[in-house]
file coords_9.tsv (TSV, C-alpha atoms)
chain	number	residue	atom	x	y	z
A	769	MET	CA	-8.28	27.80	-8.43
A	770	THR	CA	-5.88	25.50	-6.64
A	771	ASP	CA	-3.17	23.26	-8.07
A	772	ASP	CA	-5.32	20.27	-7.10
A	773	GLU	CA	-8.47	21.38	-8.95
A	774	ARG	CA	-9.42	18.62	-11.35
A	775	PHE	CA	-11.32	18.41	-14.58
A	776	GLY	CA	-12.41	14.83	-14.63
A	777	ALA	CA	-9.34	12.88	-13.52
A	778	PHE	CA	-6.84	15.54	-14.65
A	779	THR	CA	-5.38	18.79	-13.34
A	780	LEU	CA	-5.29	22.00	-15.35
A	781	GLU	CA	-1.50	21.62	-15.58
A	782	GLU	CA	-1.83	18.14	-17.10
A	783	LEU	CA	-4.37	19.37	-19.64
A	784	SER	CA	-2.24	22.39	-20.49
A	785	ASP	CA	0.82	20.16	-20.96
A	786	TYR	CA	-1.22	17.92	-23.27
A	787	LEU	CA	-2.20	20.93	-25.39
A	788	ASP	CA	1.43	22.10	-25.42
A	789	THR	CA	2.36	18.87	-27.21
A	790	ASP	CA	-0.47	19.38	-29.75
A	791	ARG	CA	-2.12	16.28	-28.27
A	792	THR	CA	0.71	14.09	-29.56
A	793	PRO	CA	0.82	11.27	-28.82
A	794	ALA	CA	-2.91	10.95	-28.40
A	795	ARG	CA	-4.07	10.28	-24.85
A	796	PRO	CA	-7.30	8.25	-24.92
A	797	ASP	CA	-7.52	8.59	-21.13
A	798	ILE	CA	-7.82	12.39	-21.47
A	799	ASP	CA	-9.75	12.48	-24.77
A	800	GLY	CA	-12.26	9.95	-23.41
A	801	ASP	CA	-12.90	11.88	-20.18
A	802	PRO	CA	-15.92	14.18	-20.77
A	803	GLU	CA	-14.89	16.79	-18.17
A	804	ALA	CA	-11.29	16.82	-19.37
A	805	SER	CA	-12.41	17.10	-23.01
A	806	ALA	CA	-14.66	20.05	-22.16
A	807	ALA	CA	-11.82	21.75	-20.30
A	808	LEU	CA	-9.50	21.18	-23.29
A	809	VAL	CA	-12.02	22.89	-25.58
A	810	ARG	CA	-12.18	25.88	-23.21
A	811	LEU	CA	-8.38	26.05	-22.93
A	812	GLU	CA	-8.00	25.94	-26.71
A	813	SER	CA	-10.60	28.68	-27.09
A	814	LEU	CA	-8.83	30.82	-24.52
A	815	ARG	CA	-5.49	30.37	-26.27
A	816	THR	CA	-7.01	31.15	-29.68
A	817	ALA	CA	-8.74	34.26	-28.34
A	818	SER	CA	-5.50	35.43	-26.70
A	819	ARG	CA	-3.57	34.97	-29.95
A	820	ASP	CA	-6.27	36.75	-31.96
A	821	LEU	CA	-6.33	39.65	-29.53
A	822	LEU	CA	-2.55	39.99	-29.64
A	823	ASP	CA	-2.54	39.83	-33.45
A	824	ALA	CA	-5.28	42.48	-33.65
A	825	GLU	CA	-3.41	44.79	-31.28
A	826	ALA	CA	-0.24	44.35	-33.31
A	827	ALA	CA	-2.06	45.19	-36.55
A	828	GLU	CA	-3.34	48.44	-34.99
A	829	ALA	CA	0.16	49.57	-34.08
A	830	ALA	CA	0.68	51.54	-37.32
A	831	GLY	CA	4.18	52.80	-37.99
A	832	ALA	CA	5.78	50.57	-35.36
A	833	ASP	CA	8.68	48.27	-36.19
A	834	ALA	CA	6.99	45.07	-37.37
A	835	GLY	CA	9.97	42.88	-36.48
A	836	TRP	CA	10.02	44.16	-32.93
A	837	ILE	CA	6.27	43.63	-32.54
A	838	ALA	CA	6.56	40.11	-33.92
A	839	SER	CA	9.29	39.26	-31.42
A	840	VAL	CA	7.24	40.67	-28.54
A	841	LEU	CA	4.18	38.70	-29.63
A	842	ALA	CA	6.25	35.52	-29.91
A	843	SER	CA	7.52	36.09	-26.39
A	844	VAL	CA	4.02	36.71	-25.04
A	845	ARG	CA	2.70	33.58	-26.71
A	846	THR	CA	5.52	31.54	-25.24
A	847	THR	CA	4.93	32.82	-21.71
A	848	ALA	CA	1.11	32.96	-21.81
A	849	HIS	CA	0.93	29.67	-19.91
A	850	ALA	CA	4.34	29.80	-18.32
A	851	GLY	CA	3.32	29.06	-14.75
A	852	ARG	CA	4.99	30.57	-11.73
A	853	ASP	CA	8.00	32.85	-11.81
A	854	ILE	CA	10.93	31.19	-10.06
A	855	PRO	CA	13.43	33.74	-8.69
A	856	VAL	CA	17.05	33.47	-9.79
A	857	PRO	CA	19.71	34.14	-7.14
A	858	ASP	CA	21.40	37.49	-7.82
A	859	ASP	CA	23.82	39.59	-5.76
A	860	ASP	CA	22.35	42.85	-7.08
A	861	PRO	CA	19.41	43.81	-4.80
A	862	ALA	CA	18.12	46.21	-7.47
A	863	SER	CA	17.55	43.46	-10.02
A	864	THR	CA	14.81	40.88	-10.18
A	865	LEU	CA	15.65	37.87	-12.28
A	866	VAL	CA	13.22	35.00	-12.80
A	867	VAL	CA	12.84	31.89	-14.90
A	868	THR	CA	9.34	30.62	-15.57
A	869	GLU	CA	8.13	27.25	-14.47
A	870	GLY	CA	6.91	26.72	-18.04
A	871	ALA	CA	10.43	27.25	-19.40
A	872	LEU	CA	11.77	24.56	-17.08
A	873	ARG	CA	8.88	22.24	-17.98
A	874	GLY	CA	9.71	22.85	-21.65
A	875	LEU	CA	13.34	21.99	-20.96
A	876	VAL	CA	12.34	18.69	-19.33
A	877	ARG	CA	9.96	17.93	-22.22
A	878	ALA	CA	12.74	18.59	-24.76
A	879	LEU	CA	15.11	16.34	-22.80
A	880	GLY	CA	12.47	13.60	-22.93
A	881	ASP	CA	12.45	13.95	-26.73
A	882	GLU	CA	16.15	13.02	-26.68
A	883	VAL	CA	15.49	9.64	-25.04
A	884	PRO	CA	14.14	7.13	-27.58
A	885	GLY	CA	10.80	5.65	-26.60
A	886	VAL	CA	9.96	8.31	-23.98
A	887	VAL	CA	7.27	10.97	-23.91
A	888	VAL	CA	7.22	13.40	-20.98
A	889	ARG	CA	3.64	13.75	-19.80
A	890	ARG	CA	3.98	16.03	-16.78
A	891	THR	CA	6.60	17.85	-14.75
A	892	ARG	CA	5.82	19.16	-11.29
A	893	PHE	CA	7.97	21.37	-9.06
A	894	THR	CA	7.13	21.45	-5.34
A	895	GLY	CA	8.90	22.76	-2.29
A	896	ASP	CA	10.58	26.14	-1.88
A	897	VAL	CA	9.97	27.27	-5.48
A	898	GLY	CA	9.37	30.92	-4.50
A	899	THR	CA	12.79	31.41	-2.88
A	900	ALA	CA	15.92	31.99	-4.96
A	901	GLY	CA	18.18	28.99	-4.42
A	902	GLY	CA	15.50	27.12	-2.45
A	903	SER	CA	15.17	23.33	-2.24
A	904	VAL	CA	12.71	21.88	-4.73
A	905	ASP	CA	11.34	18.41	-5.41
A	906	VAL	CA	10.89	17.50	-9.08
A	907	GLU	CA	8.47	14.82	-10.25
A	908	VAL	CA	8.34	13.82	-13.92
A	909	SER	CA	5.67	11.47	-15.30
A	910	ILE	CA	6.43	9.75	-18.59
A	911	ALA	CA	5.00	7.30	-21.06
A	912	ALA	CA	7.57	4.79	-22.32
A	913	SER	CA	7.50	2.34	-25.19
A	914	ALA	CA	7.37	-1.28	-24.13
A	915	ASP	CA	9.82	-2.46	-26.80
A	916	GLY	CA	12.79	-2.33	-24.42
A	917	PRO	CA	13.80	-1.99	-20.77
A	918	VAL	CA	11.51	0.74	-19.45
A	919	HIS	CA	13.53	1.25	-16.26
A	920	LEU	CA	16.66	2.00	-18.30
A	921	ARG	CA	14.82	4.68	-20.29
A	922	ALA	CA	13.48	6.25	-17.11
A	923	GLU	CA	16.93	6.25	-15.52
A	924	ALA	CA	18.55	7.72	-18.65
A	925	LEU	CA	16.00	10.55	-18.62
A	926	ARG	CA	16.48	11.07	-14.90
A	927	SER	CA	20.21	11.43	-15.38
A	928	ILE	CA	20.00	14.04	-18.15
A	929	ILE	CA	17.30	15.98	-16.29
A	930	GLU	CA	19.48	16.02	-13.17
A	931	ASP	CA	22.43	17.43	-15.15
A	932	ALA	CA	20.31	20.01	-16.97
A	933	LEU	CA	18.59	21.27	-13.83
A	934	ALA	CA	21.94	21.49	-12.02
A	935	ALA	CA	23.13	23.76	-14.84
A	936	HIS	CA	19.98	25.80	-15.55
A	937	ALA	CA	17.53	25.76	-12.62
A	938	PRO	CA	17.68	28.56	-10.05
A	939	PHE	CA	17.05	26.13	-7.21
A	940	VAL	CA	18.60	23.14	-5.51
A	941	VAL	CA	17.03	19.85	-6.56
A	942	ARG	CA	16.22	18.10	-3.28
A	943	SER	CA	14.72	15.06	-5.01
A	944	LEU	CA	14.08	14.01	-8.60
A	945	VAL	CA	11.66	11.21	-9.39
A	946	VAL	CA	10.82	9.94	-12.87
A	947	ARG	CA	7.64	7.84	-12.82
A	948	VAL	CA	6.46	5.67	-15.69
A	949	ALA	CA	2.77	6.52	-15.83
A	950	ASP	CA	1.93	4.68	-19.03
A	951	LEU	CA	3.34	2.17	-21.53
A	952	ILE	CA	3.24	2.78	-25.25
A	953	GLU	CA	2.66	-0.37	-27.27
A	954	GLY	CA	2.56	-0.23	-31.05
A	955	GLY	CA	2.60	3.60	-31.01
A	956	ARG	CA	-0.47	3.91	-28.78
A	957	PRO	CA	-0.57	4.48	-25.00
call {"tool": "encode", "arguments": {"input": "coords_9.tsv", "output": "structure tokens"}}
result
Amino acid sequence: MTDDERFGAFTLEELSDYLDTDRTPARPDIDGDPEASAALVRLESLRTASRDLLDAEAAEAAGADAGWIASVLASVRTTAHAGRDIPVPDDDPASTLVVTEGALRGLVRALGDEVPGVVVRRTRFTGDVGTAGGSVDVEVSIAASADGPVHLRAEALRSIIEDALAAHAPFVVRSLVVRVADLIEGGRP
């Protein structure tokens, strides 16, 4: 499967991001696309089966520390759709530190929640992602409410993303673009 493989008009990453937000706000463009809807059903089934399998394996681990198992399962669930590992620069050649693409996408999504009237739809990292300290281009697609200046919301989000990535990302941000992909009017995109 390639990054460009589409299910209807949407990539697997876009559909996964939509599921990550529990389909909130609703996206009629995705829900109304038969191929995308079918892919969402398969993704949800896969996630449910993975959770069930992990829960069953944990239940079989008799005598093990339940708190430890619960924390491991929570970690596995969080990283089950984490995307690529992005290496973190480290002076110790014996260590291998990474941050997941999904963790950085989650950071961007959380930052979007801080800007009133903005919903982050998709975050994409391209460029030298596989090299510690490499140069990476970041593209963020958002939906913004139409009850105020949309360009100011996009710029506010861009600014806080830029600061957060400078502090937390293991790469150099070569470019950062925030695109308004949809307008939200009356609570509906």
call {"tool": "closest_residue", "arguments": {"input": "coords_9.tsv", "among": "A:Glu930, A:Asp853, A:Glu907, A:Asp915", "to": "Val946 (chain A)", "atoms": "only C-alpha atoms"}}
result
A:Glu907
call {"tool": "atom_distance", "arguments": {"input": "coords_9.tsv", "atom1": "CA of Val945 (chain A)", "atom2": "CA of Val886 (chain A)"}}
result
15.0 Å
call {"tool": "atom_distance", "arguments": {"input": "coords_9.tsv", "atom1": "CA of Glu953 (chain A)", "atom2": "CA of Val906 (chain A)"}}
result
26.8 Å
call {"tool": "atom_distance", "arguments": {"input": "coords_9.tsv", "atom1": "CA of Ala911 (chain A)", "atom2": "CA of Ser943 (chain A)"}}
result
20.3 Å
call {"tool": "closest_atom_pairs", "arguments": {"input": "coords_9.tsv", "of": "region 891-945 of chain A", "to": "region 775-793 of chain A", "cutoff": "12 Å", "atoms": "all atoms listed in the file", "output": "CSV"}}
result
residue,atom,partner,partner_atom,distance
A:Thr891,CA,A:Glu782,CA,8.8
A:Arg892,CA,A:Glu781,CA,8.8
A:Phe893,CA,A:Glu781,CA,11.5
A:Val908,CA,A:Glu782,CA,11.5
A:Ser909,CA,A:Glu782,CA,10.2
A:Ile910,CA,A:Pro793,CA,11.8
A:Ala911,CA,A:Pro793,CA,9.7
A:Ala912,CA,A:Pro793,CA,11.4
A:Ser913,CA,A:Pro793,CA,11.7
call {"tool": "closest_residue", "arguments": {"input": "coords_9.tsv", "among": "A:Gly898, A:Glu773, A:Arg889, A:Ile952", "to": "Ala804 (chain A)", "atoms": "all atoms listed in the file"}}
result
A:Glu773
call {"tool": "closest_residue", "arguments": {"input": "coords_9.tsv", "among": "A:Pro938, A:Leu879, A:Leu865, A:Thr899", "to": "Arg926 (chain A)", "atoms": "only C-alpha atoms"}}
result
A:Leu879
call {"tool": "closest_residue", "arguments": {"input": "coords_9.tsv", "among": "A:Ile854, A:Ala922, A:Ala934, A:Val883", "to": "Gly870 (chain A)", "atoms": "only C-alpha atoms"}}
result
A:Ile854
call {"tool": "closest_residue", "arguments": {"input": "coords_9.tsv", "among": "A:Phe939, A:Arg795, A:Glu812, A:Gly800", "to": "Asp896 (chain A)", "atoms": "only C-alpha atoms"}}
result
A:Phe939
call {"tool": "axis_aligned_box", "arguments": {"input": "coords_9.tsv", "around": "region 896-908 of chain A", "padding_each_side": "3 Å", "output": "lines of an AutoDock Vina configuration file"}}
result
center_x = 13.3
center_y = 22.9
center_z = -7.9
size_x = 15.8
size_y = 24.2
size_z = 18.0
